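Asks: You'll find run-v5.cif just under this line, and it carries mmCIF, C-alpha atoms and all ligand atoms.
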```cif
data_query
#
loop_
_atom_site.label_atom_id
_atom_site.label_comp_id
_atom_site.auth_asym_id
_atom_site.auth_seq_id
_atom_site.Cartn_x
_atom_site.Cartn_y
_atom_site.Cartn_z
CA MET A 1 0.00 0.00 0.00
CA ASP A 2 1.42 3.39 -1.01
CA ILE A 3 1.34 6.13 1.62
CA LEU A 4 1.14 9.93 1.50
CA ILE A 5 2.16 11.89 4.61
CA VAL A 6 1.09 15.55 4.77
CA GLY A 7 3.42 17.94 6.60
CA SER A 8 7.03 19.05 6.71
CA GLY A 9 8.35 19.01 10.27
CA GLY A 10 10.21 16.78 12.69
CA ARG A 11 6.92 15.12 13.59
CA GLU A 12 6.31 14.10 9.98
CA HIS A 13 9.89 12.80 9.75
CA ALA A 14 9.25 10.63 12.82
CA ILE A 15 5.96 9.40 11.32
CA ALA A 16 7.70 8.67 7.99
CA GLN A 17 10.42 6.63 9.71
CA SER A 18 7.83 4.57 11.59
CA VAL A 19 5.86 4.03 8.38
CA ALA A 20 9.04 2.97 6.57
CA LYS A 21 9.51 0.17 9.14
CA SER A 22 6.02 -1.20 8.46
CA ALA A 23 5.67 -4.42 6.52
CA ARG A 24 2.56 -2.92 4.88
CA ALA A 25 4.27 0.15 3.45
CA GLY A 26 4.80 0.37 -0.29
CA LYS A 27 6.10 3.61 -1.71
CA ILE A 28 6.02 6.54 0.71
CA TYR A 29 5.41 10.12 -0.39
CA CYS A 30 5.47 13.26 1.73
CA ALA A 31 3.96 16.65 0.85
CA PRO A 32 5.85 18.89 1.06
CA GLY A 33 8.40 17.12 3.33
CA ASN A 34 11.94 18.31 3.97
CA ALA A 35 15.52 17.25 3.27
CA GLY A 36 15.60 14.56 5.96
CA ILE A 37 12.24 13.12 5.01
CA SER A 38 13.51 12.75 1.43
CA ARG A 39 15.78 9.94 2.68
CA VAL A 40 12.74 7.76 3.52
CA ALA A 41 10.01 9.21 1.28
CA GLU A 42 9.65 10.90 -2.07
CA CYS A 43 8.92 14.55 -1.30
CA VAL A 44 6.38 16.23 -3.57
CA PRO A 45 6.21 20.02 -3.79
CA ILE A 46 2.59 20.42 -2.69
CA GLY A 47 1.79 22.55 0.35
CA ALA A 48 -0.22 21.11 3.24
CA MET A 49 -3.06 23.58 2.57
CA GLU A 50 -3.29 22.89 -1.18
CA PHE A 51 -6.23 20.54 -0.77
CA GLU A 52 -7.19 20.17 -4.44
CA LYS A 53 -3.65 19.31 -5.45
CA LEU A 54 -3.29 16.83 -2.59
CA VAL A 55 -6.53 15.09 -3.56
CA SER A 56 -5.52 14.87 -7.25
CA PHE A 57 -2.08 13.60 -6.33
CA ALA A 58 -3.51 10.93 -4.03
CA LYS A 59 -5.97 9.83 -6.74
CA GLU A 60 -3.37 9.80 -9.49
CA LYS A 61 -0.89 7.75 -7.43
CA LYS A 62 -3.65 5.46 -6.09
CA ILE A 63 -2.50 6.17 -2.53
CA GLY A 64 -3.75 3.51 -0.11
CA LEU A 65 -3.53 5.70 3.00
CA VAL A 66 -3.01 9.41 3.62
CA ILE A 67 -1.68 10.47 7.03
CA VAL A 68 -2.28 14.12 7.90
CA GLY A 69 0.29 15.19 10.50
CA MET A 70 -0.34 18.92 10.85
CA ASP A 71 -3.06 20.87 12.62
CA ASP A 72 -3.90 23.46 9.94
CA PRO A 73 -5.04 21.04 7.21
CA LEU A 74 -6.90 18.92 9.79
CA VAL A 75 -8.81 21.91 11.16
CA GLY A 76 -9.37 23.13 7.59
CA GLY A 77 -11.05 19.86 6.55
CA LEU A 78 -8.47 18.07 4.40
CA VAL A 79 -9.62 14.69 5.72
CA ASP A 80 -13.20 15.37 4.57
CA GLU A 81 -12.02 16.26 1.07
CA LEU A 82 -9.83 13.18 0.76
CA GLU A 83 -12.60 10.93 2.03
CA ALA A 84 -15.10 12.50 -0.35
CA ALA A 85 -12.75 11.46 -3.16
CA GLY A 86 -12.72 7.89 -1.80
CA ILE A 87 -9.23 8.03 -0.29
CA ARG A 88 -8.55 6.34 3.03
CA THR A 89 -7.21 8.88 5.48
CA PHE A 90 -5.85 8.81 9.01
CA GLY A 91 -6.87 11.88 10.98
CA PRO A 92 -10.02 13.57 12.30
CA ARG A 93 -12.62 15.17 10.05
CA LYS A 94 -13.16 18.90 10.30
CA ASN A 95 -16.08 18.55 12.73
CA ALA A 96 -13.82 16.60 15.13
CA ALA A 97 -10.56 18.50 14.59
CA ILE A 98 -12.40 21.46 16.12
CA LEU A 99 -11.31 19.88 19.41
CA GLU A 100 -7.98 21.61 18.67
CA GLY A 101 -9.27 24.29 16.28
CA SER A 102 -11.45 26.12 18.79
CA LYS A 103 -10.49 26.56 22.43
CA ALA A 104 -14.03 27.82 23.17
CA PHE A 105 -15.45 24.59 21.71
CA SER A 106 -13.11 22.36 23.72
CA LYS A 107 -13.70 24.27 26.96
CA ASP A 108 -17.49 24.10 26.49
CA LEU A 109 -17.23 20.37 25.76
CA MET A 110 -15.23 19.76 28.94
CA LYS A 111 -17.70 21.79 30.99
CA LYS A 112 -20.73 19.98 29.54
CA TYR A 113 -19.23 16.53 30.13
CA HIS A 114 -17.55 17.30 33.47
CA ILE A 115 -14.00 16.71 32.24
CA PRO A 116 -11.53 18.38 34.65
CA THR A 117 -10.04 21.62 33.29
CA ALA A 118 -9.37 25.21 34.41
CA ALA A 119 -12.40 27.42 35.13
CA TYR A 120 -13.00 29.84 32.23
CA GLU A 121 -15.21 32.35 30.41
CA THR A 122 -15.53 32.91 26.66
CA PHE A 123 -15.71 36.39 25.08
CA ASP A 124 -16.66 37.65 21.60
CA ASP A 125 -16.32 41.25 22.60
CA ALA A 126 -13.19 43.08 23.87
CA GLU A 127 -15.16 45.46 26.11
CA GLU A 128 -16.82 42.60 27.95
CA ALA A 129 -13.48 40.84 28.38
CA LEU A 130 -11.95 44.02 29.81
CA ARG A 131 -14.84 44.39 32.27
CA TYR A 132 -14.39 40.77 33.39
CA LEU A 133 -10.70 41.40 34.08
CA GLU A 134 -11.55 44.15 36.62
CA THR A 135 -12.67 41.62 39.22
CA ALA A 136 -10.60 38.58 38.18
CA ASP A 137 -7.81 36.85 40.15
CA TYR A 138 -4.19 37.05 38.92
CA PRO A 139 -2.19 35.59 37.29
CA ILE A 140 -4.73 34.84 34.60
CA VAL A 141 -4.51 33.13 31.21
CA LEU A 142 -5.76 34.59 27.90
CA LYS A 143 -6.19 32.33 24.88
CA ALA A 144 -7.06 33.22 21.31
CA ASP A 145 -9.84 30.82 20.27
CA GLY A 146 -8.32 29.56 17.01
CA LEU A 147 -5.02 28.10 15.82
CA ALA A 148 -2.07 30.42 16.40
CA LEU A 149 1.02 28.24 15.89
CA GLY A 150 1.02 27.46 19.60
CA LYS A 151 1.58 31.12 20.39
CA GLY A 152 -1.95 32.35 21.13
CA VAL A 153 -1.69 31.89 24.90
CA LEU A 154 -0.76 34.80 27.18
CA ILE A 155 -0.13 34.39 30.90
CA CYS A 156 -0.69 37.75 32.59
CA SER A 157 0.40 38.64 36.13
CA THR A 158 -1.42 41.97 36.49
CA PRO A 159 -4.70 43.56 35.32
CA GLU A 160 -2.69 45.99 33.13
CA GLU A 161 -0.87 43.16 31.38
CA ALA A 162 -4.15 41.33 30.84
CA GLN A 163 -5.85 44.43 29.43
CA ASP A 164 -2.98 44.83 26.97
CA GLY A 165 -3.33 41.16 26.14
CA VAL A 166 -7.03 41.47 25.32
CA ARG A 167 -6.27 44.37 23.00
CA THR A 168 -3.43 42.44 21.37
CA ILE A 169 -5.63 39.44 20.69
CA MET A 170 -9.04 40.99 19.95
CA GLU A 171 -8.28 44.47 18.61
CA ASP A 172 -4.78 44.40 17.08
CA LYS A 173 -5.52 40.83 15.90
CA LYS A 174 -1.95 39.71 16.50
CA PHE A 175 -3.07 36.12 15.88
CA GLY A 176 -5.42 37.06 13.02
CA ASP A 177 -8.94 35.64 13.00
CA ALA A 178 -7.91 33.20 15.73
CA GLY A 179 -8.52 36.18 18.04
CA ASN A 180 -12.10 36.98 17.01
CA ARG A 181 -13.10 35.14 20.13
CA MET A 182 -11.10 34.42 23.25
CA VAL A 183 -11.10 32.30 26.36
CA ILE A 184 -9.98 33.72 29.69
CA GLU A 185 -9.11 31.04 32.20
CA GLU A 186 -7.85 30.32 35.65
CA PHE A 187 -4.07 30.00 36.01
CA MET A 188 -3.04 26.52 37.11
CA THR A 189 0.26 25.35 38.56
CA GLY A 190 1.89 21.94 38.41
CA ARG A 191 3.90 19.75 36.09
CA GLU A 192 2.84 19.43 32.49
CA VAL A 193 2.54 16.08 30.74
CA SER A 194 1.71 15.29 27.11
CA VAL A 195 -0.29 12.12 26.57
CA LEU A 196 -0.88 11.01 22.98
CA SER A 197 -3.53 8.47 22.07
CA PHE A 198 -4.97 6.61 19.10
CA VAL A 199 -8.74 6.87 18.74
CA ASP A 200 -11.15 5.06 16.39
CA GLY A 201 -14.28 7.05 17.18
CA ARG A 202 -15.19 4.84 20.14
CA THR A 203 -12.10 3.17 21.56
CA ILE A 204 -9.03 5.01 22.84
CA GLN A 205 -5.56 3.55 23.35
CA ILE A 206 -2.98 5.56 25.25
CA MET A 207 0.63 5.87 24.11
CA SER A 208 3.61 6.27 26.43
CA SER A 209 3.67 9.71 28.13
CA ALA A 210 6.05 12.54 27.31
CA GLN A 211 7.02 16.00 28.47
CA ASP A 212 7.81 19.01 26.32
CA HIS A 213 9.94 22.10 27.10
CA LYS A 214 8.18 25.00 25.41
CA ARG A 215 10.21 28.05 26.36
CA ALA A 216 13.20 29.08 24.25
CA GLY A 217 15.70 29.46 27.12
CA ASP A 218 17.15 27.31 29.89
CA ASN A 219 15.15 27.08 33.13
CA ASP A 220 11.97 27.88 31.21
CA THR A 221 12.90 31.46 30.40
CA GLY A 222 12.29 33.39 27.17
CA LEU A 223 9.50 33.14 24.65
CA ASN A 224 7.18 30.23 24.00
CA THR A 225 8.23 28.09 21.04
CA GLY A 226 6.85 25.08 19.20
CA GLY A 227 8.89 22.95 21.63
CA MET A 228 12.64 22.80 22.35
CA GLY A 229 12.93 19.23 23.55
CA THR A 230 11.05 16.31 25.04
CA PHE A 231 11.49 13.16 27.04
CA SER A 232 9.44 9.99 27.29
CA PRO A 233 8.12 8.47 29.47
CA SER A 234 7.41 11.13 32.10
CA PRO A 235 8.29 9.76 35.54
CA PHE A 236 5.72 12.18 36.97
CA TYR A 237 2.93 10.41 35.09
CA THR A 238 2.39 7.72 37.71
CA GLU A 239 0.05 4.76 37.61
CA GLU A 240 -2.29 6.58 39.98
CA ILE A 241 -2.46 9.57 37.66
CA ASP A 242 -2.96 7.28 34.69
CA ASP A 243 -5.89 5.58 36.45
CA TYR A 244 -7.48 8.94 37.22
CA CYS A 245 -7.11 10.16 33.63
CA ARG A 246 -8.53 6.94 32.22
CA LYS A 247 -11.50 7.29 34.53
CA TYR A 248 -12.26 10.99 34.11
CA ILE A 249 -10.54 12.32 30.99
CA TYR A 250 -9.63 10.00 28.11
CA GLN A 251 -12.72 7.89 27.45
CA ALA A 252 -14.92 10.76 28.62
CA THR A 253 -13.50 12.95 25.85
CA VAL A 254 -13.98 10.32 23.16
CA ASP A 255 -17.54 9.61 24.34
CA ALA A 256 -18.34 13.33 24.49
CA MET A 257 -17.24 13.82 20.89
CA ALA A 258 -19.30 10.83 19.73
CA GLN A 259 -22.29 12.10 21.71
CA GLU A 260 -21.98 15.47 19.99
CA GLY A 261 -22.11 13.78 16.58
CA ARG A 262 -18.40 14.45 16.02
CA PRO A 263 -16.76 11.02 16.26
CA PHE A 264 -13.00 11.45 16.51
CA GLN A 265 -10.72 9.22 14.46
CA GLY A 266 -6.98 9.87 14.65
CA VAL A 267 -4.64 11.05 17.41
CA ILE A 268 -5.85 13.00 20.43
CA PHE A 269 -3.02 14.72 22.27
CA PHE A 270 -3.99 15.55 25.85
CA GLY A 271 -1.98 18.45 27.27
CA LEU A 272 -2.35 17.84 31.00
CA MET A 273 -1.42 19.85 34.08
CA LEU A 274 -0.83 17.73 37.16
CA THR A 275 -2.29 20.11 39.75
CA GLU A 276 -2.61 19.61 43.51
CA LYS A 277 -6.27 18.86 42.92
CA GLY A 278 -5.52 16.19 40.32
CA PRO A 279 -4.80 16.18 36.59
CA LYS A 280 -6.62 18.78 34.48
CA VAL A 281 -6.75 19.29 30.73
CA LEU A 282 -4.74 22.33 29.55
CA GLU A 283 -5.57 21.75 25.91
CA TYR A 284 -6.39 19.16 23.30
CA ASN A 285 -4.56 18.74 20.03
CA ALA A 286 -5.93 16.68 17.15
CA ARG A 287 -2.56 15.23 16.04
CA PHE A 288 0.80 13.95 17.25
CA GLY A 289 2.87 16.49 19.19
CA ASP A 290 6.04 17.96 17.77
CA PRO A 291 8.56 17.11 19.29
CA GLU A 292 6.57 14.54 21.32
CA ALA A 293 6.27 12.21 18.30
CA GLN A 294 10.08 12.17 18.10
CA VAL A 295 10.38 10.47 21.52
CA VAL A 296 7.16 8.42 21.55
CA LEU A 297 7.15 6.79 18.08
CA PRO A 298 10.71 5.40 18.17
CA ARG A 299 9.70 3.54 21.35
CA MET A 300 6.49 2.06 19.91
CA LYS A 301 6.73 -1.63 19.07
CA ASN A 302 3.53 -1.87 17.01
CA ASP A 303 3.37 -1.55 13.26
CA ILE A 304 2.10 2.03 12.95
CA LEU A 305 0.10 1.32 9.78
CA GLU A 306 -1.70 -1.56 11.45
CA VAL A 307 -2.73 0.76 14.29
CA MET A 308 -3.80 3.56 11.93
CA GLU A 309 -5.88 1.20 9.81
CA ALA A 310 -7.55 -0.15 12.95
CA CYS A 311 -8.48 3.45 13.83
CA ILE A 312 -10.03 4.02 10.42
CA ASP A 313 -11.92 0.72 10.49
CA GLY A 314 -13.20 1.10 14.06
CA ARG A 315 -11.42 -1.95 15.44
CA LEU A 316 -8.83 -0.37 17.69
CA ASP A 317 -10.12 -2.59 20.51
CA GLU A 318 -8.33 -5.49 18.78
CA ILE A 319 -4.95 -3.79 19.09
CA LYS A 320 -2.65 -3.82 22.09
CA LEU A 321 -0.21 -0.92 22.03
CA GLU A 322 3.27 -1.83 23.18
CA PHE A 323 6.23 0.36 24.03
CA GLU A 324 9.84 -0.54 24.69
CA ASP A 325 10.78 -0.61 28.35
CA ASN A 326 13.33 2.18 27.96
CA ALA A 327 13.37 5.96 27.55
CA ALA A 328 14.05 8.55 24.87
CA VAL A 329 15.11 12.19 24.93
CA CYS A 330 14.91 14.68 22.05
CA VAL A 331 16.97 17.88 22.04
CA VAL A 332 15.96 20.38 19.37
CA LEU A 333 18.82 22.08 17.55
CA ALA A 334 17.45 25.49 16.57
CA SER A 335 18.74 28.60 14.80
CA GLU A 336 19.98 31.23 17.27
CA GLY A 337 17.23 33.85 17.59
CA TYR A 338 14.28 31.44 17.23
CA PRO A 339 11.32 32.02 17.70
CA LEU A 340 11.81 35.63 16.53
CA HIS A 341 14.52 36.49 14.01
CA TYR A 342 17.13 34.08 12.76
CA GLU A 343 19.30 33.52 9.72
CA LYS A 344 18.93 30.50 7.46
CA GLY A 345 21.03 28.83 4.78
CA PHE A 346 23.97 27.53 6.86
CA ALA A 347 25.50 24.21 5.81
CA ILE A 348 24.79 21.29 8.14
CA THR A 349 27.42 18.59 8.66
CA GLY A 350 27.99 15.52 10.81
CA LEU A 351 24.77 13.61 10.22
CA GLU A 352 26.41 10.42 8.84
CA ARG A 353 26.88 8.98 12.31
CA PHE A 354 23.12 8.69 12.86
CA GLU A 355 22.96 6.10 10.09
CA LYS A 356 25.46 3.89 11.86
CA GLU A 357 24.49 4.06 15.51
CA GLU A 358 21.55 2.09 16.83
CA GLY A 359 19.13 4.05 19.01
CA TYR A 360 20.06 7.51 17.69
CA TYR A 361 17.81 9.54 15.40
CA CYS A 362 18.18 12.86 13.64
CA PHE A 363 14.70 14.13 12.76
CA HIS A 364 14.72 17.05 10.35
CA ALA A 365 12.41 20.02 10.90
CA GLY A 366 13.74 23.09 9.06
CA THR A 367 16.24 21.80 6.51
CA LYS A 368 16.57 21.78 2.72
CA PHE A 369 19.06 21.08 -0.04
CA ASP A 370 20.27 24.32 -1.64
CA GLU A 371 20.89 24.75 -5.39
CA ASN A 372 24.28 23.00 -5.04
CA GLY A 373 22.73 20.04 -3.26
CA THR A 374 24.20 21.05 0.11
CA LEU A 375 22.10 20.38 3.19
CA VAL A 376 21.35 23.75 4.82
CA THR A 377 19.30 25.20 7.68
CA ASN A 378 15.86 26.36 6.60
CA GLY A 379 13.90 27.23 9.73
CA GLY A 380 13.82 28.09 13.42
CA ARG A 381 13.75 24.52 14.60
CA VAL A 382 16.33 22.73 12.44
CA LEU A 383 16.83 19.21 13.78
CA GLY A 384 15.48 17.06 16.61
CA ILE A 385 18.26 14.89 18.00
CA THR A 386 16.70 11.86 19.69
CA ALA A 387 18.45 9.09 21.56
CA LYS A 388 17.17 6.11 23.46
CA GLY A 389 18.67 4.78 26.67
CA ALA A 390 17.94 2.17 29.31
CA ASP A 391 16.49 4.94 31.47
CA LEU A 392 15.89 8.68 31.19
CA LYS A 393 19.29 9.66 32.53
CA LYS A 394 21.09 7.47 30.03
CA ALA A 395 18.86 8.63 27.17
CA ARG A 396 19.54 12.24 28.12
CA GLU A 397 23.28 11.65 28.19
CA ASN A 398 23.13 9.92 24.79
CA ALA A 399 21.00 12.68 23.21
CA TYR A 400 23.28 15.46 24.42
CA SER A 401 26.41 13.64 23.24
CA ALA A 402 24.80 13.20 19.80
CA THR A 403 24.06 16.94 19.59
CA GLU A 404 27.85 17.38 19.44
CA TRP A 405 28.12 15.29 16.26
CA VAL A 406 26.21 17.96 14.32
CA GLN A 407 27.57 21.32 13.18
CA PHE A 408 25.87 24.30 11.54
CA GLY A 409 26.03 28.10 11.72
CA ASN A 410 24.10 29.70 14.62
CA LYS A 411 23.32 26.33 16.20
CA TYR A 412 21.38 26.82 19.43
CA MET A 413 19.91 24.38 21.94
CA ARG A 414 18.61 24.31 25.47
CA ARG A 415 21.07 22.65 27.83
CA ASP A 416 18.50 21.56 30.39
CA ILE A 417 16.15 19.22 28.52
CA GLY A 418 15.13 16.58 31.03
CA ASN A 419 16.90 18.26 33.94
CA THR A 420 13.87 17.77 36.19
CA ILE A 421 14.32 14.01 35.91
CA MET A 422 17.85 14.36 37.29
CA GLU A 423 16.36 15.36 40.65
CA LEU A 424 14.72 11.98 41.02
P1 LIG B 501 -1.79 25.64 25.29
O1 LIG B 501 -1.48 26.05 23.87
O2 LIG B 501 -3.22 25.80 25.69
O3 LIG B 501 -1.18 24.32 25.69
O4 LIG B 501 -0.96 26.65 26.17
C1 LIG B 501 0.42 26.80 25.99
C2 LIG B 501 1.11 26.76 27.34
O5 LIG B 501 0.58 27.80 28.18
C3 LIG B 501 0.84 25.47 28.09
O6 LIG B 501 1.71 24.46 27.73
C4 LIG B 501 1.04 25.93 29.52
O7 LIG B 501 2.43 25.98 29.84
C5 LIG B 501 0.52 27.33 29.51
N1 LIG B 501 -0.89 27.36 29.96
C6 LIG B 501 -2.00 27.24 29.21
N2 LIG B 501 -3.11 27.30 29.96
C7 LIG B 501 -2.70 27.47 31.23
C8 LIG B 501 -3.37 27.60 32.48
N3 LIG B 501 -4.69 27.60 32.57
N4 LIG B 501 -2.61 27.74 33.58
C9 LIG B 501 -1.27 27.77 33.50
N5 LIG B 501 -0.58 27.66 32.36
C10 LIG B 501 -1.27 27.51 31.24
N1 LIG B 502 4.81 20.14 21.44
C1 LIG B 502 3.53 20.72 21.53
C2 LIG B 502 2.69 20.58 20.34
O1 LIG B 502 2.97 19.83 19.43
O2 LIG B 502 1.67 21.24 20.30
#
```
Would you write out, as C-alpha cells, the structure that this file holds?
Ligand code: AMP
Ligand code: GLY
Replies:
Amino acid sequence: MDILIVGSGGREHAIAQSVAKSARAGKIYCAPGNAGISRVAECVPIGAMEFEKLVSFAKEKKIGLVIVGMDDPLVGGLVDELEAAGIRTFGPRKNAAILEGSKAFSKDLMKKYHIPTAAYETFDDAEEALRYLETADYPIVLKADGLALGKGVLICSTPEEAQDGVRTIMEDKKFGDAGNRMVIEEFMTGREVSVLSFVDGRTIQIMSSAQDHKRAGDNDTGLNTGGMGTFSPSPFYTEEIDDYCRKYIYQATVDAMAQEGRPFQGVIFFGLMLTEKGPKVLEYNARFGDPEAQVVLPRMKNDILEVMEACIDGRLDEIKLEFEDNAAVCVVLASEGYPLHYEKGFAITGLERFEKEEGYYCFHAGTKFDENGTLVTNGGRVLGITAKGADLKKARENAYSATEWVQFGNKYMRRDIGNTIMEL
C-alpha cells in the first residue's frame, strides 16, 4: 500500500520513519516534506493547505492511505475532502478537529461533560473581556480561540498586562482571526505532561507519556516556542495519575465527541497539568505532538500502519499498544534567535553517524538542499536529536552527546532538557 504523509516538520519525519519500518508500506510520499524526510520518502512540492492538489495527487498515485500530520489542514477539513474522493485517510474530520481548532469549543465540551479543566469564560467582545478582568484573580490566562502556531496563549500577572493582552488578541488581531473570540481562564500550577492516544471514534488507546519544554531558554525562560525538547516516558505520570485520567478524561473525551455527533478518528493529544487537585486538561490537540512524536514513536513496538488502519476501520479494541521498556530524549537544535529572528542557509554537517548508531535519530524540521545540493538550515527549529537509553538519565546523556556530532552556523539548543528528571 502506497502512503502519503502531509506535513514538513520533525513530527512528519518521525511518522515517515515509523511508516518505513512497516511491513505494509509500499512507496512513501510526503507533501511537502523536507531534506531529511527525502531519505525515507519521495517529497512532492505540494503545500499542506493545497487541498485540491493533494486530492488529485492521491488519486493519481492510487494512494492507499493518507496520514495528515499537521493541525492546519486537519482543522481546515483536508480529511473530509480526501474521504469525499474515496481516499482512506488517518486523521479527524473537520467537525472533530475542532477539538484543537477552537479553544471555546473544547472548553465548552469539557464543561458539559464534566472533564476536569481550568475554570473559564468565553468572550466575543473586547469590552466585555476588559470588564471581566476588573474583578478577576491574577495571574490569569488569555487564549485566542483559534489556531495560532502554539503562540496564542498569554499568561498575565497583572490587570494591566491582561488588558494589553485582550487588545493584542481581539483588537490588534496579532493572531489574526484566531482572536475573534477568546477564552480567559484560571491559572493553574503543576507539572505538564503530554499524553498522545490513538482513537477510532469509540475506543481510545494511550501511548507512552512525554514532556515538552516550550520556552526558548534554559530554566523555562524566554518566549514560547513550538517545543525545544522532550522526554518519554514522564516519571511524573504515575500509575495513579494514569488511572485517574482513564476514569475521568480520556474515554470521557472520546464519548463526548461521539455524543456530539463528532466522532473522533486519529490522534488525540492531551496536554495535562498535574495540579494539587488532580490532573486537568490544559488543551487538546488533534494530532501527534512535535517534538513529542520524536520520543514516543521510536519507542512504539507496534506496526504504525496496522494501528492507523484499525483506527479508520473502528477496530482499535483489537490492538494492544506496546512500548519498549526504555526511555528517549529529544533535544531540538534550533537557529539562534528562534522564535523571533534568525538567519537560514547555513550548511549542516555531521549527520552520517546517525545512520550507523543504533538508538540515535536525527529528525529534520527546518532543513533543505540548496541549489548545489548542500544540506542547509531552513527554519527556526532545524533538527530534533533523539536518543534512546535504558532509562531517562542514560537517554539524556546519549542525546546530548549526539548533539555534538552535528555542526551548523548559529546552532542553538537548550542545555537543560530533562533536567527535572535528574532530581529523582
Ligand atoms: P496551550 O497552547 O493551551 O497548551 O498553552 C500553551 C502553554 O501555556 C501550556 O503548555 C502551559 O504551559 C501554559 N498554559 C496554558 N493554559 C494554562 C493555564 N490555565 N494555567 C497555567 N498555564 C497555562
Ligand atoms: N509540542 C507541543 C505541540 O505539538 O503542540
Asks: Show me which residues sit within 9 Å of ligand LIG 502 (chain B) when counting all atoms listed in the file, and put them as a VMD selection string.
Replies: chain A and resid 11 149 to 150 194 211 to 214 225 to 230 269 271 284 to 285 287 to 293
Asks: At a cut-off of 6 Å around ligand LIG 501 (chain B), and using only C-alpha atoms and all ligand atoms, what residues come up? Please write them as a PyMOL selection string.
Replies: chain A and resi 118+141+150+153+185-189+282-283
Asks: Just the residues within 7 Å of Tyr138 in chain A, please, counting only C-alpha atoms, with nothing from its chain fewer than 2 positions along; format it as a list in words.
Replies: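 Once the nearby chain positions are removed, what remains is Ala136, Ile140, Ser157 and Thr158 of chain A.
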Asks: Could you tell me which of A:Arg262, A:Lys277, A:Lys143, A:Arg299 comes closest to Ala14 in chain A if we count all atoms listed in the file?
Replies: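 Among A:Arg262, A:Lys277, A:Lys143, A:Arg299, it is A:Arg299 that comes nearest to Ala14 in chain A.
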Asks: Quick one, how far is CA of Arg181 in chain A from CA of Asp145 in chain A?
Replies: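 Atom-to-atom, CA of Arg181 in chain A and CA of Asp145 in chain A are spaced 5.4 Å apart.
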Asks: Looking at only C-alpha atoms, which of A:Thr89, A:Gln265, A:Thr203, A:Asn180 is the one that sits closest to Ile3 in chain A?
Replies: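 Ranking A:Thr89, A:Gln265, A:Thr203, A:Asn180 by distance to Ile3 in chain A, first place goes to A:Thr89.
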Asks: So the first atom is CA of Ala178 in chain A and the second is CA of Val382 in chain A; what is the distance between them in Å, to one decimal place?
Replies: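 One can read the CA of Ala178 in chain A to CA of Val382 in chain A distance as 26.6 Å.
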Asks: What is the distance, in Å and to one decimal place, between CA of Ser208 in chain A and CA of Asp391 in chain A?
Replies: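 Separation between CA of Ser208 in chain A and CA of Asp391 in chain A: 13.9 Å.
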Asks: Select, from A:Leu99, A:Met422, A:Leu375, A:Met273, the residue with the minimum atom-to-atom distance to Glu397 in chain A, counting only C-alpha atoms.
Replies: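 Closest to Glu397 in chain A of all the choices is A:Met422.
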Asks: When distances are computed from all atoms listed in the file, which of A:Val267, A:Lys320, A:Glu42, A:Gly337 shows the smallest separation from Pro92 in chain A?
Replies: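 Closest residue, counting all atoms listed in the file: A:Val267.
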Asks: Rebuild N, CA and C atoms on range 6-18 of chain A, as a PDB file, in the frame of the given file?
Replies:
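Writing done, so here's rebuild_8.pdb:
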```
ATOM      1  N   VAL A   6       1.226  14.110   5.016  1.00  0.00           N
ATOM      2  CA  VAL A   6       1.090  15.550   4.770  1.00  0.00           C
ATOM      3  C   VAL A   6       1.711  16.331   5.919  1.00  0.00           C
ATOM      4  N   GLY A   7       2.737  17.129   5.599  1.00  0.00           N
ATOM      5  CA  GLY A   7       3.420  17.940   6.600  1.00  0.00           C
ATOM      6  C   GLY A   7       4.899  18.047   6.273  1.00  0.00           C
ATOM      7  N   SER A   8       5.637  18.804   7.075  1.00  0.00           N
ATOM      8  CA  SER A   8       7.030  19.050   6.710  1.00  0.00           C
ATOM      9  C   SER A   8       7.959  19.208   7.906  1.00  0.00           C
ATOM     10  N   GLY A   9       7.520  18.765   9.086  1.00  0.00           N
ATOM     11  CA  GLY A   9       8.350  19.010  10.270  1.00  0.00           C
ATOM     12  C   GLY A   9       8.998  17.750  10.822  1.00  0.00           C
ATOM     13  N   GLY A  10       9.577  17.896  12.006  1.00  0.00           N
ATOM     14  CA  GLY A  10      10.210  16.780  12.690  1.00  0.00           C
ATOM     15  C   GLY A  10       9.209  15.684  12.992  1.00  0.00           C
ATOM     16  N   ARG A  11       7.985  16.107  13.320  1.00  0.00           N
ATOM     17  CA  ARG A  11       6.920  15.120  13.590  1.00  0.00           C
ATOM     18  C   ARG A  11       6.677  14.245  12.372  1.00  0.00           C
ATOM     19  N   GLU A  12       6.571  14.877  11.200  1.00  0.00           N
ATOM     20  CA  GLU A  12       6.310  14.100   9.980  1.00  0.00           C
ATOM     21  C   GLU A  12       7.501  13.200   9.641  1.00  0.00           C
ATOM     22  N   HIS A  13       8.720  13.653   9.978  1.00  0.00           N
ATOM     23  CA  HIS A  13       9.890  12.800   9.750  1.00  0.00           C
ATOM     24  C   HIS A  13       9.801  11.561  10.645  1.00  0.00           C
ATOM     25  N   ALA A  14       9.391  11.773  11.900  1.00  0.00           N
ATOM     26  CA  ALA A  14       9.250  10.630  12.820  1.00  0.00           C
ATOM     27  C   ALA A  14       8.153   9.687  12.332  1.00  0.00           C
ATOM     28  N   ILE A  15       7.047  10.244  11.857  1.00  0.00           N
ATOM     29  CA  ILE A  15       5.960   9.400  11.320  1.00  0.00           C
ATOM     30  C   ILE A  15       6.481   8.617  10.111  1.00  0.00           C
ATOM     31  N   ALA A  16       7.196   9.319   9.213  1.00  0.00           N
ATOM     32  CA  ALA A  16       7.700   8.670   7.990  1.00  0.00           C
ATOM     33  C   ALA A  16       8.641   7.519   8.336  1.00  0.00           C
ATOM     34  N   GLN A  17       9.485   7.714   9.343  1.00  0.00           N
ATOM     35  CA  GLN A  17      10.420   6.630   9.710  1.00  0.00           C
ATOM     36  C   GLN A  17       9.682   5.427  10.273  1.00  0.00           C
ATOM     37  N   SER A  18       8.628   5.693  11.060  1.00  0.00           N
ATOM     38  CA  SER A  18       7.830   4.570  11.590  1.00  0.00           C
ATOM     39  C   SER A  18       7.118   3.851  10.456  1.00  0.00           C
TER      40      SER A  18
END
```
